[in-house]
Amino acid sequence: MIDPIATIYRHVGQTEPYYKLVDEFYARVENDKLLRPLYPEDLSDAKRHLTLFLIQRTGGQTTYSDERGHPRMRGRHMPFRIGVPERDAWMHNMTEALETVPEFAPHKDDLFKFFADFATFLINQ
Ligand code: HEM
C-alpha cells in the first residue's frame, strides 16, 4: 500500500510550515461557534499536539508518540461530540489553513484526502 503522505516531511524538510498550518487552523477554530466550545480555553496543548502529530504522521520526528504514546485518535476524540457538522467545520478550517502555507502546496491534494478521511473516521455520533 502506498502511503502518499508518509514522505511529505522529507520534501518540506522543516517544522516551521507545520507550526504555521496549525496556528492558522486554530485561529479559525477560535472564531468557530460550533467547534470552539469543544476545545479547552487554553489552546496551547491542542496546538502542540496537532503539530507534533502531523509532523510524525508525514514522516518527520516521532516526538508526538514519544510524549503521548500511541495516537489512539478515535479514542482521544470520544469525549467530544463529533457529528457531520463538526467534521465539516473542522475540514473547512483546515482547508483554508492549508491554502495559507505555500510549502504544502505540492501536497495539498494528498493532505486534503488524508484530513477528509481522518475526520470522517472520527465521527462518533
Ligand atoms: C472531525 C472533527 C474534529 C474535531 C471536532 C476535533 C476536536 C478535537 C478536540 C476537542 C481535541 C482536544 C483538544 C484538547 O483537549 O487540547 C482534539 C485533539 C486532537 N485532535 Fe482533533 N478533532 C477533529 C478532527 C481531527 C483530525 C482530522 C485530526 C488529524 C488529522 C485531529 C487530530 C487531533 C490531535 C493530534 C489531537 C491531540 C490528541 C492528544 O491529546 O494527543 N483531529 N481534537
# chains A, B, ... in the order shown; residues from 1 in each chain; ligands from 1
$ residues_near_ligand --ligand "ligand 1" --cutoff "9 Å" --atoms "only C-alpha atoms and all ligand atoms" --output "ChimeraX atom specification"
/A:34-54,57,64-65,67-74,76-77,79-91,94,114-123
$ select_by_dssp --residues "chain A" --states "alpha helix (DSSP H)" --output "ChimeraX atom specification"
/A:8-12,16-30,44-57,63-68,73-77,84-99,108-121
$ write_last_selection --atoms "C-alpha atoms" --output "compact mmCIF listing (two decimals), in the first residue's frame"
# COMPACT_ATOMS: atom_id res chain seq x y z
CA ILE A 8 5.79 14.85 2.92
CA TYR A 9 8.06 15.78 5.80
CA ARG A 10 11.10 14.80 3.74
CA HIS A 11 10.01 17.23 0.99
CA VAL A 12 9.10 20.06 3.35
CA GLU A 16 8.01 25.75 10.65
CA PRO A 17 5.33 25.17 7.99
CA TYR A 18 3.60 22.71 10.34
CA TYR A 19 3.51 25.27 13.15
CA LYS A 20 2.17 27.84 10.71
CA LEU A 21 -0.53 25.45 9.43
CA VAL A 22 -1.70 24.63 12.95
CA ASP A 23 -1.63 28.31 14.02
CA GLU A 24 -3.76 29.21 11.01
CA PHE A 25 -6.12 26.33 11.76
CA TYR A 26 -6.61 27.23 15.42
CA ALA A 27 -7.01 30.93 14.61
CA ARG A 28 -10.09 29.79 12.69
CA VAL A 29 -11.25 27.45 15.45
CA GLU A 30 -11.07 30.43 17.85
CA SER A 44 -1.63 25.73 23.53
CA ASP A 45 -1.59 21.99 24.27
CA ALA A 46 -4.05 21.27 21.48
CA LYS A 47 -1.83 23.22 19.07
CA ARG A 48 1.33 21.49 20.15
CA HIS A 49 -0.21 18.02 19.93
CA LEU A 50 -1.70 18.52 16.49
CA THR A 51 1.57 19.96 15.18
CA LEU A 52 3.65 17.08 16.52
CA PHE A 53 1.10 14.54 15.31
CA LEU A 54 1.18 15.91 11.76
CA ILE A 55 4.99 16.03 11.71
CA GLN A 56 5.11 12.41 12.82
CA ARG A 57 2.31 11.20 10.55
CA THR A 63 8.13 13.43 19.31
CA TYR A 64 4.33 13.03 19.32
CA SER A 65 4.44 9.35 20.28
CA ASP A 66 7.49 9.83 22.48
CA GLU A 67 5.37 12.25 24.54
CA ARG A 68 1.85 10.94 24.08
CA MET A 73 -7.09 9.15 17.71
CA ARG A 74 -10.59 7.72 17.78
CA GLY A 75 -10.34 7.06 21.50
CA ARG A 76 -8.92 10.51 22.19
CA HIS A 77 -11.80 12.11 20.31
CA VAL A 84 -21.15 15.53 10.33
CA PRO A 85 -21.45 19.30 11.07
CA GLU A 86 -18.40 19.22 13.36
CA ARG A 87 -16.47 17.20 10.81
CA ASP A 88 -17.38 19.64 8.05
CA ALA A 89 -16.44 22.66 10.19
CA TRP A 90 -13.07 21.08 11.05
CA MET A 91 -12.43 20.38 7.35
CA HIS A 92 -13.46 23.88 6.33
CA ASN A 93 -10.99 25.45 8.77
CA MET A 94 -8.19 23.08 7.84
CA THR A 95 -8.74 23.54 4.10
CA GLU A 96 -8.49 27.32 4.50
CA ALA A 97 -5.41 26.97 6.71
CA LEU A 98 -3.75 24.70 4.16
CA GLU A 99 -4.13 27.38 1.49
CA LYS A 108 -2.39 19.79 -1.00
CA ASP A 109 -4.44 17.07 -2.68
CA ASP A 110 -2.87 14.27 -0.65
CA LEU A 111 -3.24 16.18 2.62
CA PHE A 112 -6.82 17.13 1.81
CA LYS A 113 -7.71 13.48 1.23
CA PHE A 114 -5.92 12.40 4.41
CA PHE A 115 -7.71 15.05 6.50
CA ALA A 116 -11.09 14.32 4.93
CA ASP A 117 -10.82 10.55 5.52
CA PHE A 118 -9.45 11.00 9.02
CA ALA A 119 -12.13 13.48 10.01
CA THR A 120 -14.83 11.13 8.72
CA PHE A 121 -13.26 8.27 10.69
$ closest_residue --among "A:Asn124, A:Pro106, A:Gln61, A:Met78" --to "Gln14 (chain A)" --atoms "only C-alpha atoms"
A:Gln61
$ atom_distance --atom1 "CA of Gly13 (chain A)" --atom2 "CA of Gly59 (chain A)"
10.2 Å
$ atom_distance --atom1 "CA of His107 (chain A)" --atom2 "CA of Thr62 (chain A)"
20.4 Å
